>>> print(open('target02.pdb').read())   # PDB, C-alpha atoms
ATOM      1  CA  VAL A1027      -9.700 -15.330  19.362
ATOM      2  CA  GLN A1028      -6.164 -16.504  18.693
ATOM      3  CA  LEU A1029      -3.602 -15.027  16.360
ATOM      4  CA  GLN A1030      -0.447 -16.973  15.572
ATOM      5  CA  ALA A1031       2.340 -15.101  13.801
ATOM      6  CA  SER A1032       5.153 -16.959  12.068
ATOM      7  CA  GLY A1033       7.808 -16.568   9.407
ATOM      8  CA  GLY A1034      10.342 -14.390  11.152
ATOM      9  CA  GLY A1035      14.052 -15.043  11.108
ATOM     10  CA  LEU A1036      17.498 -13.726  10.282
ATOM     11  CA  VAL A1037      17.977 -12.208   6.839
ATOM     12  CA  GLN A1038      20.706 -10.163   5.189
ATOM     13  CA  PRO A1039      20.110  -6.557   4.170
ATOM     14  CA  GLY A1040      18.328  -6.468   0.843
ATOM     15  CA  GLY A1041      16.709  -9.820   1.473
ATOM     16  CA  SER A1042      13.060 -10.814   1.767
ATOM     17  CA  LEU A1043      10.778 -12.509   4.265
ATOM     18  CA  THR A1044       7.096 -13.301   4.350
ATOM     19  CA  LEU A1045       5.285 -13.239   7.672
ATOM     20  CA  SER A1046       2.052 -15.143   8.178
ATOM     21  CA  CYS A1047      -0.646 -14.743  10.797
ATOM     22  CA  ALA A1048      -3.136 -17.551  11.270
ATOM     23  CA  ALA A1049      -6.375 -16.540  12.978
ATOM     24  CA  SER A1050      -8.815 -18.801  14.798
ATOM     25  CA  GLY A1051     -11.883 -18.412  16.962
ATOM     26  CA  LEU A1052     -13.330 -15.575  14.915
ATOM     27  CA  THR A1053     -15.270 -14.812  11.774
ATOM     28  CA  PHE A1054     -12.200 -13.615   9.951
ATOM     29  CA  ASN A1055     -13.899 -11.612   7.219
ATOM     30  CA  ARG A1056     -15.359  -9.313   9.876
ATOM     31  CA  TYR A1057     -11.939  -8.251  11.110
ATOM     32  CA  VAL A1058      -9.615  -5.463  10.127
ATOM     33  CA  MET A1059      -6.020  -6.708  10.368
ATOM     34  CA  GLY A1060      -2.756  -4.947  11.047
ATOM     35  CA  TRP A1061       0.931  -5.715  11.315
ATOM     36  CA  PHE A1062       2.760  -3.779  14.014
ATOM     37  CA  ARG A1063       6.424  -3.880  14.906
ATOM     38  CA  GLN A1064       8.512  -3.002  17.924
ATOM     39  CA  ALA A1065      12.227  -2.406  17.671
ATOM     40  CA  PRO A1066      14.482  -2.585  20.749
ATOM     41  CA  GLY A1067      14.056   0.512  22.872
ATOM     42  CA  LYS A1068      11.270   1.886  20.712
ATOM     43  CA  GLU A1069       7.506   2.028  20.881
ATOM     44  CA  ARG A1070       5.365  -0.339  18.886
ATOM     45  CA  GLU A1071       4.337   1.127  15.542
ATOM     46  CA  LEU A1072       1.998   0.184  12.736
ATOM     47  CA  ALA A1073       3.726  -1.162   9.638
ATOM     48  CA  ALA A1074       0.662  -2.011   7.550
ATOM     49  CA  ALA A1075      -3.085  -2.523   7.790
ATOM     50  CA  ILE A1076      -5.760  -4.022   5.572
ATOM     51  CA  THR A1077      -9.534  -3.753   5.427
ATOM     52  CA  LYS A1078     -11.872  -6.712   5.889
ATOM     53  CA  THR A1079     -12.200  -7.308   2.178
ATOM     54  CA  GLY A1080      -8.558  -6.672   1.380
ATOM     55  CA  GLU A1081      -9.430  -3.937  -1.102
ATOM     56  CA  THR A1082      -7.700  -1.150   0.789
ATOM     57  CA  THR A1083      -4.330  -1.140   2.504
ATOM     58  CA  TYR A1084      -2.251   1.277   4.530
ATOM     59  CA  TYR A1085       1.521   1.437   4.879
ATOM     60  CA  ALA A1086       3.785   3.422   7.120
ATOM     61  CA  ASP A1087       6.088   5.686   5.139
ATOM     62  CA  SER A1088       9.081   3.700   6.347
ATOM     63  CA  VAL A1089       7.898   0.502   4.640
ATOM     64  CA  LYS A1090       5.956   1.861   1.669
ATOM     65  CA  ALA A1091       6.977   0.303  -1.663
ATOM     66  CA  ARG A1092       8.903  -2.450   0.150
ATOM     67  CA  PHE A1093       6.224  -4.277   2.171
ATOM     68  CA  THR A1094       2.935  -5.733   0.967
ATOM     69  CA  ILE A1095       0.079  -6.749   3.236
ATOM     70  CA  SER A1096      -2.488  -9.228   1.962
ATOM     71  CA  ARG A1097      -5.118 -11.575   3.322
ATOM     72  CA  ASP A1098      -6.856 -14.796   2.411
ATOM     73  CA  ASN A1099     -10.273 -14.842   4.043
ATOM     74  CA  ALA A1100     -10.824 -18.450   2.996
ATOM     75  CA  LYS A1101      -7.735 -19.473   4.978
ATOM     76  CA  ASN A1102      -8.215 -17.068   7.905
ATOM     77  CA  ALA A1103      -4.774 -15.636   7.319
ATOM     78  CA  VAL A1104      -3.008 -12.334   6.779
ATOM     79  CA  TYR A1105       0.465 -11.957   5.329
ATOM     80  CA  LEU A1106       3.239  -9.408   5.217
ATOM     81  CA  GLN A1107       5.639  -9.713   2.301
ATOM     82  CA  MET A1108       8.804  -7.787   3.152
ATOM     83  CA  ASN A1109      11.329  -6.965   0.430
ATOM     84  CA  SER A1110      14.516  -4.920   0.349
ATOM     85  CA  LEU A1111      14.887  -5.361   4.064
ATOM     86  CA  LYS A1112      17.044  -2.932   6.008
ATOM     87  CA  PRO A1113      18.722  -3.231   9.411
ATOM     88  CA  GLU A1114      16.198  -0.708  10.734
ATOM     89  CA  ASP A1115      13.424  -3.206   9.967
ATOM     90  CA  THR A1116      14.756  -5.370  12.804
ATOM     91  CA  ALA A1117      11.913  -5.754  15.288
ATOM     92  CA  ILE A1118       9.354  -8.085  16.753
ATOM     93  CA  TYR A1119       6.404  -8.147  14.384
ATOM     94  CA  TYR A1120       2.883  -8.573  15.724
ATOM     95  CA  CYS A1121      -0.381  -9.184  13.940
ATOM     96  CA  ALA A1122      -3.490  -7.560  15.376
ATOM     97  CA  ALA A1123      -7.230  -7.777  14.751
ATOM     98  CA  ARG A1124     -10.290  -5.629  15.296
ATOM     99  CA  GLU A1125     -13.852  -6.595  14.500
ATOM    100  CA  LEU A1126     -15.748  -4.084  12.406
ATOM    101  CA  LEU A1127     -19.328  -4.503  11.273
ATOM    102  CA  GLY A1128     -20.687  -2.491   8.381
ATOM    103  CA  ALA A1129     -17.963  -0.065   7.345
ATOM    104  CA  THR A1130     -14.900  -0.972   5.303
ATOM    105  CA  VAL A1131     -12.006   0.929   6.778
ATOM    106  CA  TYR A1132      -8.641   0.206   8.345
ATOM    107  CA  PHE A1133      -7.237   1.315  11.690
ATOM    108  CA  VAL A1134      -3.853   2.862  12.351
ATOM    109  CA  ARG A1135      -3.711   3.234  16.131
ATOM    110  CA  GLU A1136      -2.534   0.487  18.436
ATOM    111  CA  SER A1137      -5.488   1.176  20.718
ATOM    112  CA  ASP A1138      -7.919   0.464  17.876
ATOM    113  CA  TYR A1139      -7.040  -3.233  17.877
ATOM    114  CA  ASP A1140      -8.515  -5.740  20.301
ATOM    115  CA  TYR A1141      -6.566  -8.926  19.666
ATOM    116  CA  TRP A1142      -2.835  -9.519  19.316
ATOM    117  CA  GLY A1143      -0.596 -12.358  18.305
ATOM    118  CA  GLN A1144       2.525 -13.329  20.200
ATOM    119  CA  GLY A1145       5.000 -11.750  17.804
ATOM    120  CA  THR A1146       7.718 -13.072  15.543
ATOM    121  CA  GLN A1147      11.300 -11.787  15.521
ATOM    122  CA  VAL A1148      12.749 -10.336  12.342
ATOM    123  CA  THR A1149      16.467  -9.581  12.362
ATOM    124  CA  VAL A1150      18.132  -7.904   9.395
ATOM    125  CA  SER A1151      21.881  -8.162   9.659
ATOM    126  CA  SER A1152      24.932  -9.148   7.655
TER     127      SER A1152
END
>>> encode(input="target02.pdb", output="structure tokens")
Amino acid sequence: VQLQASGGGLVQPGGSLTLSCAASGLTFNRYVMGWFRQAPGKERELAAAITKTGETTYYADSVKARFTISRDNAKNAVYLQMNSLKPEDTAIYYCAARELLGATVYFVRESDYDYWGQGTQVTVSS
């Protein structure tokens, strides 16, 4: 399983970015997906998660109403649309995957995920 995150960069406060995560080596529609982030000096935290079908999503309070997670199972990809970015959103963003057969749920703990991408840097600064 390989996860390749992309789309990070430098953006001014109030700006927008869209992160992409391309997955390979897996049956994508069997996997719950999450976007985590790790700011300098802080622990990695979940920003958003999405069920296998994409019907249900979860957002951390800090990003709710500003970020949108989505997926395209035909393209083996998950996305994170980030709007109204703030300096405190500066972090390395990681996509993560966990296979789940049967149930349609999402996971919120880092330890729930089995596969991780390499991360993409997002810097929000003027």
>>> closest_residue(input="target02.pdb", among="A:Gln1147, A:Ser1137, A:Asn1102, A:Gln1038", to="Leu1072 in chain A", atoms="all atoms listed in the file")
A:Ser1137
>>> atom_distance(input="target02.pdb", atom1="CA of Thr1083 in chain A", atom2="CA of Gly1060 in chain A")
9.5 Å
>>> closest_atom_pairs(input="target02.pdb", of="range 1051-1090 of chain A", to="range 1105-1114 of chain A", cutoff="12 Å", atoms="all atoms listed in the file", output="JSON lines")
{"residue": "A:Met1059", "atom": "CA", "partner": "A:Tyr1105", "partner_atom": "CA", "distance": 9.7}
{"residue": "A:Gly1060", "atom": "CA", "partner": "A:Leu1106", "partner_atom": "CA", "distance": 9.5}
{"residue": "A:Trp1061", "atom": "CA", "partner": "A:Leu1106", "partner_atom": "CA", "distance": 7.5}
{"residue": "A:Phe1062", "atom": "CA", "partner": "A:Leu1106", "partner_atom": "CA", "distance": 10.5}
{"residue": "A:Arg1063", "atom": "CA", "partner": "A:Glu1114", "partner_atom": "CA", "distance": 11.1}
{"residue": "A:Gln1064", "atom": "CA", "partner": "A:Glu1114", "partner_atom": "CA", "distance": 10.8}
{"residue": "A:Ala1065", "atom": "CA", "partner": "A:Glu1114", "partner_atom": "CA", "distance": 8.2}
{"residue": "A:Pro1066", "atom": "CA", "partner": "A:Glu1114", "partner_atom": "CA", "distance": 10.3}
{"residue": "A:Lys1068", "atom": "CA", "partner": "A:Glu1114", "partner_atom": "CA", "distance": 11.4}
{"residue": "A:Ala1073", "atom": "CA", "partner": "A:Leu1106", "partner_atom": "CA", "distance": 9.4}
{"residue": "A:Ala1074", "atom": "CA", "partner": "A:Leu1106", "partner_atom": "CA", "distance": 8.2}
{"residue": "A:Ala1075", "atom": "CA", "partner": "A:Leu1106", "partner_atom": "CA", "distance": 9.7}
{"residue": "A:Ile1076", "atom": "CA", "partner": "A:Tyr1105", "partner_atom": "CA", "distance": 10.1}
{"residue": "A:Gly1080", "atom": "CA", "partner": "A:Tyr1105", "partner_atom": "CA", "distance": 11.2}
{"residue": "A:Thr1083", "atom": "CA", "partner": "A:Leu1106", "partner_atom": "CA", "distance": 11.5}
{"residue": "A:Tyr1085", "atom": "CA", "partner": "A:Leu1106", "partner_atom": "CA", "distance": 11.0}
{"residue": "A:Ser1088", "atom": "CA", "partner": "A:Glu1114", "partner_atom": "CA", "distance": 9.5}
{"residue": "A:Val1089", "atom": "CA", "partner": "A:Met1108", "partner_atom": "CA", "distance": 8.5}
{"residue": "A:Lys1090", "atom": "CA", "partner": "A:Met1108", "partner_atom": "CA", "distance": 10.2}
>>> closest_residue(input="target02.pdb", among="A:Val1131, A:Ile1095, A:Ala1103, A:Val1148", to="Leu1052 in chain A", atoms="only C-alpha atoms")
A:Ala1103
>>> resolve_selection(input="target02.pdb", expression="the PyMOL selection byres ((chain A and resi 1125) around 10)", output="list in words")
Leu1052, Thr1053, Phe1054, Asn1055, Arg1056, Tyr1057, Val1058, Met1059, Lys1078, Ala1123, Arg1124, Leu1126, Leu1127, Asp1138, Tyr1139, Asp1140 and Tyr1141 of chain A
>>> atom_distance(input="target02.pdb", atom1="CA of Ala1117 in chain A", atom2="CA of Gly1067 in chain A")
10.1 Å
>>> closest_residue(input="target02.pdb", among="A:Gly1051, A:Thr1130, A:Glu1136, A:Ala1031", to="Val1104 in chain A", atoms="all atoms listed in the file")
A:Ala1031
>>> atom_distance(input="target02.pdb", atom1="CA of Leu1036 in chain A", atom2="CA of Ala1049 in chain A")
24.2 Å
>>> closest_residue(input="target02.pdb", among="A:Thr1149, A:Ser1096, A:Thr1116, A:Thr1044", to="Ser1032 in chain A", atoms="all atoms listed in the file")
A:Thr1044
>>> closest_residue(input="target02.pdb", among="A:Val1027, A:Ser1046, A:Ala1100, A:Ser1152", to="Cys1121 in chain A", atoms="only C-alpha atoms")
A:Ser1046
>>> axis_aligned_box(input="target02.pdb", around="range 1117-1136 of chain A", padding_each_side="4 Å", output="lines of an AutoDock Vina configuration file")
center_x = -4.4
center_y = -3.0
center_z = 11.9
size_x = 40.6
size_y = 20.4
size_z = 21.1
>>> resolve_selection(input="target02.pdb", expression="the PyMOL selection byres ((chain A and resi 1030) around 6)", output="mmCIF file with C-alpha atoms, in the coordinates of the input")
data_model
loop_
_atom_site.group_PDB
_atom_site.id
_atom_site.type_symbol
_atom_site.label_atom_id
_atom_site.label_comp_id
_atom_site.auth_asym_id
_atom_site.auth_seq_id
_atom_site.Cartn_x
_atom_site.Cartn_y
_atom_site.Cartn_z
ATOM 1 C CA LEU A 1029 -3.602 -15.027 16.360
ATOM 2 C CA ALA A 1031 2.340 -15.101 13.801
ATOM 3 C CA CYS A 1047 -0.646 -14.743 10.797
ATOM 4 C CA ALA A 1048 -3.136 -17.551 11.270
ATOM 5 C CA GLY A 1143 -0.596 -12.358 18.305
#
